[in-house]
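Asks: Sharing entry_13.cif (mmCIF, C-alpha atoms) below.
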```cif
data_input
#
loop_
_atom_site.label_atom_id
_atom_site.label_comp_id
_atom_site.auth_asym_id
_atom_site.auth_seq_id
_atom_site.Cartn_x
_atom_site.Cartn_y
_atom_site.Cartn_z
CA MET A 1 71.22 5.53 1.91
CA GLN A 2 70.94 7.31 5.26
CA ARG A 3 74.53 8.60 5.15
CA SER A 4 74.52 10.12 1.69
CA PHE A 5 71.59 12.47 2.30
CA ASN A 6 71.65 15.66 4.25
CA THR A 7 68.45 16.53 6.11
CA LEU A 8 67.55 19.20 3.57
CA THR A 9 67.60 16.62 0.77
CA LEU A 10 65.51 14.27 2.85
CA ALA A 11 62.95 17.01 3.48
CA LEU A 12 62.99 17.91 -0.22
CA ILE A 13 62.13 14.43 -1.58
CA PRO A 14 58.52 14.09 -0.27
CA VAL A 15 57.83 17.68 -1.33
CA ALA A 16 59.17 16.87 -4.80
CA ILE A 17 57.00 13.76 -5.05
CA ALA A 18 53.95 15.81 -4.05
CA ILE A 19 54.91 18.38 -6.71
CA ASN A 20 55.07 15.62 -9.34
CA ILE A 21 51.62 14.43 -8.39
CA ALA A 22 49.95 17.84 -8.00
CA ILE A 23 51.30 19.18 -11.30
CA GLY A 24 50.66 15.89 -13.08
CA GLN A 25 47.03 16.29 -12.11
CA ILE A 26 46.78 20.00 -13.10
CA ILE A 27 48.02 19.00 -16.55
CA VAL A 28 45.22 16.47 -16.86
CA LEU A 29 42.83 19.27 -15.85
CA LEU A 30 44.21 21.62 -18.53
CA LYS A 31 44.08 18.77 -21.09
CA LEU A 32 47.60 19.42 -22.35
CA PRO A 33 49.48 17.05 -24.67
CA VAL A 34 52.38 16.76 -22.17
CA TYR A 35 52.66 14.94 -18.83
CA LEU A 36 55.01 17.19 -16.80
CA ASP A 37 54.78 14.67 -13.99
CA SER A 38 58.52 14.66 -13.36
CA ILE A 39 59.19 18.29 -12.46
CA GLY A 40 59.87 17.33 -8.83
CA THR A 41 62.08 14.40 -9.90
CA VAL A 42 64.27 16.52 -12.18
CA LEU A 43 64.38 19.23 -9.52
CA VAL A 44 65.77 16.77 -6.96
CA GLY A 45 68.25 15.39 -9.50
CA LEU A 46 69.50 18.91 -10.16
CA LEU A 47 69.61 20.07 -6.53
CA ALA A 48 70.64 16.89 -4.73
CA GLY A 49 72.27 14.53 -7.24
CA PRO A 50 71.60 11.30 -9.16
CA ILE A 51 70.76 8.93 -6.29
CA ALA A 52 68.26 11.33 -4.70
CA GLY A 53 66.72 11.89 -8.15
CA LEU A 54 66.48 8.14 -8.73
CA ILE A 55 64.70 7.61 -5.42
CA THR A 56 62.29 10.50 -6.02
CA GLY A 57 61.33 9.25 -9.48
CA GLY A 58 60.89 5.62 -8.50
CA LEU A 59 58.91 6.40 -5.36
CA THR A 60 56.63 8.86 -7.18
CA ASN A 61 55.22 6.14 -9.40
CA ILE A 62 55.11 3.55 -6.64
CA ILE A 63 53.26 5.84 -4.21
CA TRP A 64 50.97 7.19 -6.93
CA GLY A 65 50.08 3.62 -7.84
CA VAL A 66 49.95 1.90 -4.47
CA SER A 67 47.81 4.72 -3.06
CA GLY A 68 45.26 3.39 -5.56
CA LEU A 69 44.92 6.70 -7.41
CA ASN A 70 46.91 5.84 -10.54
CA PRO A 71 47.79 2.14 -10.42
CA GLN A 72 48.68 2.19 -14.12
CA TYR A 73 51.79 4.31 -13.34
CA THR A 74 53.48 1.83 -11.02
CA PRO A 75 54.91 -0.52 -13.69
CA PHE A 76 56.81 2.49 -15.09
CA PHE A 77 58.56 3.27 -11.80
CA TYR A 78 61.95 2.36 -13.26
CA VAL A 79 61.49 4.90 -16.08
CA ALA A 80 60.83 7.68 -13.58
CA ALA A 81 63.85 6.53 -11.56
CA VAL A 82 66.11 6.72 -14.64
CA ILE A 83 64.80 10.24 -15.41
CA GLY A 84 65.84 11.42 -11.93
CA LEU A 85 69.18 9.61 -12.22
CA MET A 86 69.94 11.21 -15.59
CA ALA A 87 68.97 14.70 -14.39
CA GLY A 88 71.39 14.20 -11.50
CA ILE A 89 74.20 12.97 -13.77
CA PHE A 90 73.75 15.85 -16.23
CA ALA A 91 73.82 18.29 -13.32
CA ARG A 92 77.08 16.75 -12.01
CA LEU A 93 78.56 17.06 -15.51
CA GLY A 94 77.97 20.80 -15.20
CA TRP A 95 75.32 20.84 -17.94
CA ALA A 96 72.93 22.90 -15.81
CA ARG A 97 75.22 25.94 -15.90
CA THR A 98 73.82 26.96 -19.29
CA ILE A 99 70.23 26.47 -20.35
CA TRP A 100 71.28 25.05 -23.76
CA MET A 101 73.23 22.11 -22.42
CA TRP A 102 70.53 21.50 -19.80
CA ALA A 103 67.81 21.49 -22.52
CA LEU A 104 69.90 19.00 -24.50
CA GLY A 105 70.03 16.86 -21.36
CA GLY A 106 66.23 17.00 -21.28
CA LEU A 107 65.99 15.82 -24.89
CA ILE A 108 68.40 12.92 -24.27
CA THR A 109 66.46 11.94 -21.14
CA GLY A 110 63.26 11.94 -23.22
CA VAL A 111 64.76 9.63 -25.83
CA VAL A 112 66.01 7.24 -23.14
CA ALA A 113 62.59 7.32 -21.43
CA ALA A 114 60.88 6.46 -24.73
CA ILE A 115 63.25 3.53 -25.32
CA ILE A 116 63.02 1.99 -21.86
CA SER A 117 59.28 2.49 -21.36
CA ALA A 118 58.26 0.87 -24.67
CA PRO A 119 58.68 -2.80 -23.57
CA THR A 120 56.52 -2.36 -20.44
CA SER A 121 53.98 -0.35 -22.37
CA ALA A 122 53.79 -3.02 -25.09
CA ILE A 123 53.78 -6.06 -22.80
CA VAL A 124 51.55 -4.87 -19.94
CA PHE A 125 49.36 -2.30 -21.66
CA GLY A 126 49.21 -3.55 -25.25
CA GLY A 127 51.02 -0.41 -26.40
CA VAL A 128 48.25 2.07 -25.62
CA THR A 129 47.66 4.68 -22.92
CA GLY A 130 43.95 5.34 -23.42
CA ALA A 131 44.83 8.98 -24.22
CA GLY A 132 45.07 11.10 -27.36
CA THR A 133 48.63 10.02 -28.23
CA ASP A 134 47.20 6.59 -29.08
CA LEU A 135 46.42 8.07 -32.51
CA ILE A 136 50.16 7.91 -33.21
CA VAL A 137 50.18 4.22 -32.25
CA ALA A 138 47.19 3.65 -34.54
CA ALA A 139 48.87 5.43 -37.46
CA LEU A 140 52.11 3.47 -37.03
CA ARG A 141 50.30 0.14 -36.70
CA ALA A 142 48.24 0.95 -39.82
CA SER A 143 51.45 1.55 -41.77
CA GLY A 144 52.77 -1.85 -40.78
CA ALA A 145 54.92 -1.20 -37.68
CA GLY A 146 55.11 -3.90 -35.00
CA ILE A 147 53.62 -3.34 -31.55
CA MET A 148 56.97 -2.53 -29.98
CA GLN A 149 57.94 -0.14 -32.81
CA ALA A 150 54.56 1.61 -32.72
CA THR A 151 54.76 2.02 -28.94
CA PHE A 152 58.28 3.36 -29.21
CA GLY A 153 57.14 5.67 -32.02
CA GLN A 154 54.50 7.15 -29.74
CA GLY A 155 57.10 7.62 -26.99
CA ILE A 156 59.71 9.19 -29.23
CA VAL A 157 57.15 11.77 -30.41
CA SER A 158 55.91 12.78 -26.96
CA ASP A 159 58.68 12.03 -24.41
CA PRO A 160 61.59 14.23 -25.63
CA LEU A 161 59.24 17.23 -25.88
CA ASP A 162 57.84 16.57 -22.43
CA LYS A 163 61.26 16.17 -20.80
CA LEU A 164 62.59 19.24 -22.63
CA ALA A 165 59.74 21.31 -21.18
CA THR A 166 60.29 19.76 -17.73
CA PHE A 167 64.03 20.44 -17.70
CA VAL A 168 63.56 24.05 -18.83
CA ILE A 169 60.86 24.74 -16.22
CA VAL A 170 63.05 23.25 -13.47
CA TRP A 171 66.01 25.34 -14.61
CA LEU A 172 63.95 28.53 -14.42
CA ILE A 173 62.67 27.60 -10.97
CA VAL A 174 66.11 26.81 -9.57
CA ARG A 175 67.47 30.10 -10.89
CA ALA A 176 64.72 31.89 -8.99
CA LEU A 177 65.56 30.17 -5.68
CA PRO A 178 67.09 32.39 -2.99
CA LEU A 179 70.86 32.01 -2.85
CA ARG A 180 70.97 31.18 0.87
CA LEU A 181 68.80 28.10 0.15
CA ARG A 182 70.66 27.05 -3.02
CA VAL A 183 74.04 26.87 -1.35
CA ARG A 184 72.76 24.33 1.18
CA PHE A 185 72.03 21.60 -1.38
CA PRO A 186 74.65 18.95 -2.23
CA ASN A 187 74.80 20.08 -5.88
CA ALA A 188 75.20 23.81 -5.05
CA GLU A 189 78.33 24.21 -7.18
CA TYR A 190 76.64 22.79 -10.30
CA LEU A 191 73.50 24.97 -10.24
CA PRO A 192 72.67 27.63 -12.86
CA LYS A 193 74.20 30.99 -12.02
CA MET B 1 39.95 14.13 -6.03
CA THR B 2 39.45 12.85 -2.52
CA ASN B 3 40.92 14.51 0.53
CA ALA B 4 43.05 11.66 1.78
CA PHE B 5 45.84 10.53 -0.50
CA SER B 6 44.97 6.89 -0.19
CA LEU B 7 41.97 4.79 -1.06
CA TYR B 8 42.18 2.91 2.25
CA THR B 9 38.65 1.93 3.29
CA PRO B 10 38.29 0.77 6.90
CA ARG B 11 36.23 -2.41 7.26
CA ALA B 12 35.98 -5.07 9.94
CA SER B 13 37.12 -7.79 7.55
CA ALA B 14 39.58 -10.66 7.78
CA LEU B 15 41.74 -9.04 5.11
CA HIS B 16 41.96 -5.79 7.04
CA ARG B 17 43.13 -7.72 10.11
CA LEU B 18 46.03 -9.33 8.21
CA HIS B 19 49.57 -8.17 8.86
CA PRO B 20 50.49 -5.63 6.13
CA LEU B 21 53.32 -7.85 4.87
CA THR B 22 50.91 -10.78 4.43
CA MET B 23 48.64 -8.51 2.42
CA LEU B 24 51.62 -7.31 0.38
CA ALA B 25 52.69 -10.91 -0.32
CA LEU B 26 49.15 -11.77 -1.38
CA VAL B 27 48.96 -8.85 -3.79
CA VAL B 28 52.41 -9.52 -5.25
CA PHE B 29 51.32 -13.13 -5.77
CA CYS B 30 48.25 -11.89 -7.72
CA LEU B 31 50.48 -9.64 -9.83
CA VAL B 32 53.03 -12.36 -10.55
CA ALA B 33 50.34 -14.93 -11.37
CA GLY B 34 48.46 -12.48 -13.61
CA LEU B 35 51.57 -11.68 -15.64
CA ALA B 36 53.11 -15.18 -15.63
CA LEU B 37 50.12 -17.22 -16.82
CA PRO B 38 49.94 -17.27 -20.61
CA GLY B 39 47.23 -16.59 -23.14
CA PRO B 40 44.33 -14.22 -22.97
CA TRP B 41 42.77 -16.39 -20.24
CA GLY B 42 45.65 -16.27 -17.71
CA PRO B 43 45.10 -12.77 -16.29
CA TYR B 44 41.31 -13.22 -16.31
CA VAL B 45 41.55 -16.40 -14.23
CA VAL B 46 43.58 -14.50 -11.64
CA PHE B 47 41.19 -11.55 -11.76
CA LEU B 48 38.00 -13.60 -11.45
CA LEU B 49 39.13 -16.43 -9.18
CA LEU B 50 41.62 -14.65 -6.94
CA ILE B 51 41.32 -10.87 -6.87
CA LEU B 52 37.52 -10.57 -6.92
CA PRO B 53 36.91 -13.17 -4.16
CA LEU B 54 39.63 -11.51 -2.05
CA ALA B 55 37.98 -8.11 -2.58
CA ALA B 56 34.65 -9.63 -1.55
CA LEU B 57 36.29 -11.08 1.56
CA GLY B 58 37.67 -7.63 2.34
CA GLN B 59 34.20 -6.10 1.80
CA VAL B 60 35.59 -3.71 -0.80
CA LEU B 61 34.30 -5.43 -3.97
CA PRO B 62 32.15 -2.48 -5.24
CA ASN B 63 34.98 0.03 -4.65
CA LEU B 64 37.52 -2.19 -6.38
CA LEU B 65 35.31 -3.00 -9.35
CA SER B 66 34.18 0.55 -10.07
CA THR B 67 37.70 2.02 -9.83
CA ALA B 68 39.33 -0.80 -11.80
CA VAL B 69 36.79 -0.54 -14.61
CA LYS B 70 37.09 3.27 -14.70
CA ILE B 71 40.85 2.94 -15.18
CA ALA B 72 40.91 -0.09 -17.48
CA LEU B 73 38.07 0.93 -19.82
CA PRO B 74 39.92 3.62 -21.85
CA PHE B 75 42.83 1.17 -22.25
CA ALA B 76 40.48 -1.58 -23.36
CA ILE B 77 38.68 0.56 -25.96
CA SER B 78 41.96 1.90 -27.32
CA VAL B 79 43.73 -1.46 -27.49
CA PHE B 80 40.76 -3.28 -29.08
CA LEU B 81 40.38 -0.61 -31.77
CA ILE B 82 44.06 -0.13 -32.52
CA GLN B 83 45.33 -3.69 -32.35
CA GLY B 84 42.07 -5.14 -33.69
CA LEU B 85 41.88 -2.90 -36.75
CA PHE B 86 45.56 -2.43 -37.55
CA TRP B 87 47.03 -5.88 -36.86
CA THR B 88 49.43 -6.58 -39.72
CA GLY B 89 48.52 -9.60 -41.80
CA GLY B 90 45.85 -10.99 -39.47
CA THR B 91 42.76 -13.02 -40.33
CA PRO B 92 39.76 -10.69 -40.72
CA VAL B 93 36.72 -11.71 -38.66
CA VAL B 94 34.45 -8.64 -38.83
CA GLU B 95 34.34 -6.37 -41.89
CA LEU B 96 33.76 -2.67 -41.14
CA GLY B 97 33.67 -0.95 -44.53
CA PRO B 98 37.26 -0.64 -45.76
CA LEU B 99 38.66 -1.87 -42.41
CA SER B 100 38.32 -5.18 -40.64
CA LEU B 101 38.88 -6.52 -37.15
CA LYS B 102 41.62 -9.18 -37.13
CA ARG B 103 41.42 -12.29 -35.00
CA GLU B 104 45.06 -12.09 -33.84
CA GLY B 105 44.61 -8.41 -32.93
CA LEU B 106 41.49 -9.10 -30.87
CA TRP B 107 43.29 -11.99 -29.14
CA PHE B 108 46.17 -9.68 -28.27
CA ALA B 109 43.79 -6.94 -27.11
CA ALA B 110 41.95 -9.38 -24.85
CA GLN B 111 45.27 -10.41 -23.30
CA SER B 112 46.39 -6.80 -22.78
CA THR B 113 43.07 -5.83 -21.23
CA GLY B 114 43.35 -8.78 -18.87
CA ARG B 115 46.85 -7.74 -17.82
CA VAL B 116 45.84 -4.12 -17.23
CA LEU B 117 42.86 -5.30 -15.20
CA THR B 118 45.04 -7.62 -13.07
CA VAL B 119 47.79 -5.05 -12.46
CA VAL B 120 45.36 -2.25 -11.62
CA SER B 121 43.08 -4.32 -9.41
CA SER B 122 45.99 -5.89 -7.51
CA PHE B 123 47.23 -2.46 -6.47
CA LEU B 124 43.69 -1.38 -5.68
CA LEU B 125 43.23 -4.42 -3.46
CA LEU B 126 46.33 -3.45 -1.50
CA SER B 127 45.39 0.21 -1.14
CA LEU B 128 41.78 -0.51 -0.20
CA THR B 129 42.65 -2.93 2.60
CA THR B 130 46.04 -1.83 3.96
CA ARG B 131 46.83 1.32 5.92
CA PRO B 132 49.89 2.92 4.27
CA ASP B 133 51.43 3.82 7.64
CA ALA B 134 51.03 0.23 8.89
CA LEU B 135 52.68 -1.09 5.73
CA MET B 136 55.62 1.27 6.10
CA ILE B 137 56.09 0.43 9.76
CA ALA B 138 56.05 -3.26 8.89
CA LEU B 139 58.77 -2.69 6.28
CA ASP B 140 60.69 -0.55 8.74
CA GLN B 141 60.61 -3.35 11.33
CA ARG B 142 62.05 -5.70 8.70
CA GLY B 143 65.04 -3.42 8.24
CA ALA B 144 63.96 -1.04 5.48
CA PRO B 145 65.71 2.31 5.88
CA LYS B 146 63.97 4.91 8.10
CA THR B 147 64.54 7.40 5.31
CA LEU B 148 62.20 5.39 3.09
CA THR B 149 59.49 5.31 5.76
CA TYR B 150 59.78 9.05 6.25
CA ILE B 151 59.65 9.81 2.51
CA VAL B 152 56.58 7.67 1.87
CA LEU B 153 54.58 8.77 4.92
CA ALA B 154 55.46 12.45 4.52
CA THR B 155 54.41 12.28 0.86
CA ILE B 156 51.06 10.73 1.72
CA GLN B 157 50.43 13.52 4.21
CA ILE B 158 51.49 16.46 2.05
CA ALA B 159 50.24 15.32 -1.38
CA PRO B 160 46.57 16.19 -0.71
CA ARG B 161 47.60 19.60 0.66
CA PHE B 162 49.62 20.21 -2.49
CA GLN B 163 46.72 19.24 -4.69
CA ALA B 164 44.57 21.76 -2.82
CA LYS B 165 47.33 24.38 -3.12
CA ALA B 166 47.60 23.73 -6.87
CA ARG B 167 43.85 24.18 -7.18
CA THR B 168 44.02 27.46 -5.19
CA ILE B 169 46.79 28.82 -7.41
CA LEU B 170 44.82 27.83 -10.51
CA ASP B 171 41.75 29.66 -9.19
CA ALA B 172 43.78 32.69 -8.11
CA GLN B 173 45.43 33.02 -11.50
CA ARG B 174 42.09 32.63 -13.24
CA ALA B 175 40.65 35.34 -11.00
CA ARG B 176 43.33 37.75 -12.17
CA GLY B 177 42.54 36.97 -15.78
CA LEU B 178 44.79 34.06 -16.71
CA GLU B 179 43.17 32.08 -19.51
CA THR B 180 43.30 28.37 -18.81
CA GLU B 181 40.98 27.38 -21.62
CA GLY B 182 41.18 27.72 -25.38
CA SER B 183 43.89 26.73 -27.84
CA VAL B 184 46.83 24.48 -26.89
CA GLY B 185 49.19 27.48 -27.14
CA ARG B 186 47.11 29.46 -24.67
CA ARG B 187 46.93 26.54 -22.21
CA VAL B 188 50.71 26.01 -22.41
CA ALA B 189 51.21 29.72 -21.72
CA ALA B 190 49.01 29.30 -18.64
CA LEU B 191 51.35 26.66 -17.28
CA LEU B 192 54.24 28.71 -15.92
CA PRO B 193 52.12 31.02 -13.71
CA LEU B 194 50.67 27.86 -12.17
CA VAL B 195 53.78 25.75 -11.79
CA VAL B 196 56.29 28.34 -10.59
CA PRO B 197 54.41 29.62 -7.50
CA LEU B 198 53.59 26.07 -6.42
CA VAL B 199 57.15 24.79 -6.68
CA LEU B 200 58.93 27.90 -5.38
CA GLY B 201 56.62 28.23 -2.38
CA SER B 202 57.02 24.61 -1.39
CA ILE B 203 60.81 24.52 -1.75
CA ILE B 204 61.11 27.49 0.53
CA ASP B 205 59.00 25.57 3.08
CA ILE B 206 61.41 22.64 3.18
CA GLU B 207 63.97 24.51 5.24
CA GLU B 208 61.47 24.48 8.10
CA ARG B 209 60.76 20.79 7.52
CA ALA B 210 64.47 20.02 7.68
CA MET B 211 64.81 21.89 10.96
CA ALA B 212 61.81 20.03 12.36
CA LEU B 213 63.46 16.70 11.45
CA ASP B 214 66.74 17.67 13.07
CA ALA B 215 64.95 18.93 16.18
CA ARG B 216 63.29 15.50 16.56
CA ALA B 217 66.57 13.61 16.26
CA PHE B 218 65.59 11.94 13.01
CA SER B 219 69.16 11.21 11.98
CA ARG B 220 69.99 9.66 15.36
CA SER B 221 70.69 5.93 15.08
CA GLY B 222 69.31 3.29 17.43
CA PRO B 223 65.83 1.93 18.20
CA LYS B 224 62.78 4.19 18.14
CA THR B 225 59.30 3.82 19.59
CA SER B 226 56.25 3.69 17.34
CA LEU B 227 52.69 4.59 18.34
CA LEU B 228 51.26 1.97 16.01
CA THR B 229 51.77 -1.68 16.93
CA LEU B 230 51.26 -4.48 14.44
CA ARG B 231 50.05 -7.99 15.14
CA ASP B 232 51.75 -10.85 13.38
CA THR B 233 51.08 -14.56 13.86
CA SER B 234 53.15 -17.62 13.06
CA ALA B 235 50.39 -18.79 10.70
CA GLN B 236 50.76 -15.58 8.72
CA ARG B 237 54.54 -15.92 8.71
CA ALA B 238 54.14 -19.43 7.27
CA GLY B 239 51.53 -18.10 4.83
CA ARG B 240 53.98 -15.55 3.49
CA TRP B 241 56.59 -18.25 2.84
CA LEU B 242 53.94 -20.32 1.07
CA LEU B 243 52.98 -17.35 -1.09
CA LEU B 244 56.64 -16.88 -2.01
CA LEU B 245 56.89 -20.56 -3.01
CA GLY B 246 53.59 -20.14 -4.84
CA MET B 247 55.05 -17.27 -6.88
CA ILE B 248 57.96 -19.45 -7.99
CA ALA B 249 55.54 -22.28 -8.80
CA VAL B 250 53.22 -20.07 -10.83
CA VAL B 251 56.13 -18.63 -12.83
CA ALA B 252 57.32 -22.19 -13.56
CA LEU B 253 53.77 -23.19 -14.53
CA GLY B 254 53.56 -20.19 -16.85
CA ILE B 255 56.82 -21.13 -18.58
CA TRP B 256 55.71 -24.77 -18.87
CA LEU B 257 52.33 -23.82 -20.35
CA ARG B 258 53.98 -21.52 -22.88
CA ARG B 259 56.38 -24.31 -23.89
CA ALA B 260 53.53 -26.79 -24.23
CA ALA B 261 51.47 -24.43 -26.39
#
```
Can you present the structure in this file as structure tokens?
Replies:
Amino acid sequence: MQRSFNTLTLALIPVAIAINIAIGQIIVLLKLPVYLDSIGTVLVGLLAGPIAGLITGGLTNIIWGVSGLNPQYTPFFYVAAVIGLMAGIFARLGWARTIWMWALGGLITGVVAAIISAPTSAIVFGGVTGAGTDLIVAALRASGAGIMQATFGQGIVSDPLDKLATFVIVWLIVRALPLRLRVRFPNAEYLPK
Amino acid sequence: MTNAFSLYTPRASALHRLHPLTMLALVVFCLVAGLALPGPWGPYVVFLLLILPLAALGQVLPNLLSTAVKIALPFAISVFLIQGLFWTGGTPVVELGPLSLKREGLWFAAQSTGRVLTVVSSFLLLSLTTRPDALMIALDQRGAPKTLTYIVLATIQIAPRFQAKARTILDAQRARGLETEGSVGRRVAALLPLVVPLVLGSIIDIEERAMALDARAFSRSGPKTSLLTLRDTSAQRAGRWLLLLGMIAVVALGIWLRRAA
């Protein structure tokens, strides 16, 4: 782990986790139907690669939970880790060079997140989040869907949209970064022009 | 939101004096037991007979209870309504006009609420009684990578500053006329002027952080001195092994009870 990171990546990760948390909380304040709590994770995936993205995502949920502020996020740490991993892989595939491919990467990440978060959501949390999107769960249950299907249904409605927005925001931010900083990250050659 | 990015509450209690790894083992045991024991009663037994007495021993019972209830209540309301009313093919117990609460749904909701309560309160117990820096140093001494220690501790220090920065940017943008209330469309449009300055500003800062790390020989290998020393006893070491065995036992008990049912 120590070898594969340059110091810039190491300095970036805690900042990215703090970005996840700060923006995640602004969104709650603005009462928006998205989460946007993985902007930092996707940013690290894009700038520093899949492993750094994976660590950023996983640690975000663990720190957010173990600090006692949002303990309900911790069981989903593996979902956040996969989001960072996928952002890193899509970046290495060169998908970040155009916004269209990168947006598609966001949609795919959202679908994967919905699929892998559903079991934990159904088993630990009874399929609900205590937020507005629970109406979707209610509607699906009322029309005869099982708990797992209804939970997945809720995820597949909200996650792809959320990750699409996250990926696009990150892309715009990275394009605005000064060149002298961009070239110092491990993924410099894969970044948007 | 509080200033410090941790709920740690200093008390002169026996729990606070425990080695962080013992505390961690205790909390993981609560988590494992809460999720392994079957039925709606399993998680509640762990919550009432294990987590609450421990919180009382740590003199943090009011803090734990109020935070746990605040987090678990929206889940509980949602899960009781949704799974209670819309359980497919359940036995109705309470008629509410055209709808009815189903017995199976309520049973499931009670179990889910118990699990949420156990998961949330286990983490709260850890954060209320264990200093995050002590926990990370303990992990570091057991061979966890230094990188991990740095990431976690740096995050805990900068997260509150970022929250304050986010708040400042929100206020600044509002002051120059950005509308952050109203329709969903308007609130989404308000997002970029908030997110971009926060992220751009902080990424530009990291160059300085990286230089600071290099200047302090962070990537140098070999032993390093820590200002914080931890006390560990052989009794606690034995206790941690017992807790580990206990976790295996409680998982086995859970499987056996499920088979027997």
Asks: Any chance you could resolve the PyMOL selection byres ((chain B and resi 42) around 12) against this file and give the residues as number ranges by chain?
Replies: B: 30-41, 43-50, 110-115, 117-118, 250-251, 253-254, 257-258
Asks: Would you write out, as a list of chain:residue names, every residue that the PyMOL selection byres ((chain B and resi 63) around 10) captures in this file?
Replies: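 The output of the PyMOL selection byres ((chain B and resi 63) around 10) on this file is B:Leu7, B:Thr9, B:Ala55, B:Gln59, B:Val60, B:Leu61, B:Pro62, B:Leu64, B:Leu65, B:Ser66, B:Thr67, B:Ala68, B:Leu124, B:Leu125, B:Leu128.
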Asks: Suppose a student applies the PyMOL selection byres ((chain B) within 7 of (chain A)) to this structure; what residues should they get, written as a ChimeraX atom specification?
Replies: /B:5-7,74-75,78-79,82,86-88,109,112,115-116,120,123-124,127,147,151,154-155,158-159,162-163,166,180,184,187,196,199-200,202,206-207,209-210
Asks: Keeping C-alpha atoms, export the residues of the selection given above as an mmCIF file, keeping the file's coordinate frame.
Replies:
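After the write, out.cif holds the following:
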```cif
data_model
loop_
_atom_site.group_PDB
_atom_site.id
_atom_site.type_symbol
_atom_site.label_atom_id
_atom_site.label_comp_id
_atom_site.auth_asym_id
_atom_site.auth_seq_id
_atom_site.Cartn_x
_atom_site.Cartn_y
_atom_site.Cartn_z
ATOM 1 C CA PHE B 5 45.840 10.530 -0.500
ATOM 2 C CA SER B 6 44.970 6.890 -0.190
ATOM 3 C CA LEU B 7 41.970 4.790 -1.060
ATOM 4 C CA PRO B 74 39.920 3.620 -21.850
ATOM 5 C CA PHE B 75 42.830 1.170 -22.250
ATOM 6 C CA SER B 78 41.960 1.900 -27.320
ATOM 7 C CA VAL B 79 43.730 -1.460 -27.490
ATOM 8 C CA ILE B 82 44.060 -0.130 -32.520
ATOM 9 C CA PHE B 86 45.560 -2.430 -37.550
ATOM 10 C CA TRP B 87 47.030 -5.880 -36.860
ATOM 11 C CA THR B 88 49.430 -6.580 -39.720
ATOM 12 C CA ALA B 109 43.790 -6.940 -27.110
ATOM 13 C CA SER B 112 46.390 -6.800 -22.780
ATOM 14 C CA ARG B 115 46.850 -7.740 -17.820
ATOM 15 C CA VAL B 116 45.840 -4.120 -17.230
ATOM 16 C CA VAL B 120 45.360 -2.250 -11.620
ATOM 17 C CA PHE B 123 47.230 -2.460 -6.470
ATOM 18 C CA LEU B 124 43.690 -1.380 -5.680
ATOM 19 C CA SER B 127 45.390 0.210 -1.140
ATOM 20 C CA THR B 147 64.540 7.400 5.310
ATOM 21 C CA ILE B 151 59.650 9.810 2.510
ATOM 22 C CA ALA B 154 55.460 12.450 4.520
ATOM 23 C CA THR B 155 54.410 12.280 0.860
ATOM 24 C CA ILE B 158 51.490 16.460 2.050
ATOM 25 C CA ALA B 159 50.240 15.320 -1.380
ATOM 26 C CA PHE B 162 49.620 20.210 -2.490
ATOM 27 C CA GLN B 163 46.720 19.240 -4.690
ATOM 28 C CA ALA B 166 47.600 23.730 -6.870
ATOM 29 C CA THR B 180 43.300 28.370 -18.810
ATOM 30 C CA VAL B 184 46.830 24.480 -26.890
ATOM 31 C CA ARG B 187 46.930 26.540 -22.210
ATOM 32 C CA VAL B 196 56.290 28.340 -10.590
ATOM 33 C CA VAL B 199 57.150 24.790 -6.680
ATOM 34 C CA LEU B 200 58.930 27.900 -5.380
ATOM 35 C CA SER B 202 57.020 24.610 -1.390
ATOM 36 C CA ILE B 206 61.410 22.640 3.180
ATOM 37 C CA GLU B 207 63.970 24.510 5.240
ATOM 38 C CA ARG B 209 60.760 20.790 7.520
ATOM 39 C CA ALA B 210 64.470 20.020 7.680
#
```
Asks: Counting all atoms listed in the file, find the residues whose atoms lie at most 12 Å from (75.4, 20.7, -3.4) (file coordinates) and write them out as a list in words.
Replies: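 Residues lying no farther than 12 Å from the given point: Ser4, Phe5, Asn6, Leu8, Thr9, Val44, Gly45, Leu46, Leu47, Ala48, Gly49, Pro50, Ala52, Gly88, Ala91, Arg92, Leu181, Arg182, Val183, Arg184, Phe185, Pro186, Asn187, Ala188, Glu189, Tyr190 and Leu191 of chain A.
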Asks: Would you kindly return, as a list in words, each protein, DNA or RNA residue with an atom no farther than 12 Å from any atom of Leu227 in chain B, considering all atoms listed in the file and excluding same-chain residues fewer than 5 positions away?
Replies: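 My list of contacting residues is Asp133, Ala134 and Ile137 of chain B.
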Asks: Okay, now the selection with C-alpha atoms, as a tab-separated table (two decimals), in the frame of the given file?
Replies:
```tsv
chain	number	residue	atom	x	y	z
B	133	ASP	CA	51.43	3.82	7.64
B	134	ALA	CA	51.03	0.23	8.89
B	137	ILE	CA	56.09	0.43	9.76
```
Asks: Dig up all the protein and nucleic acid residues within 7 Å of (74.0, 32.0, -12.9) in the file frame, using only C-alpha atoms, and format them as a ChimeraX atom specification.
Replies: /A:97,192-193
Asks: In Å, how far is it from CA of Asp159 in chain A to CA of Leu148 in chain B?
Replies: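 One can read the CA of Asp159 in chain A to CA of Leu148 in chain B distance as 28.5 Å.
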Asks: Once you add 8 Å to each side, what are the centre and edge lengths of the axis-aligned box holding all listed atoms of range 178-181 of chain A? One decimal in Å, as AutoDock Vina command-line options, if you can.
Replies:
```
--center_x 69.0 --center_y 30.2 --center_z -1.1 --size_x 19.9 --size_y 20.3 --size_z 19.9
```
Asks: At a cut-off of 12 Å, using all atoms listed in the file, what residues contact Gln141 in chain B? Leave out same-chain residues fewer than 6 positions from it and give the result as a list in words.
Replies: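 The residues that qualify are Pro20, Leu21, Ala134, Leu135, Thr149, Pro223, Lys224, Thr225, Ser226, Leu228, Thr229, Leu230 and Asp232 of chain B.
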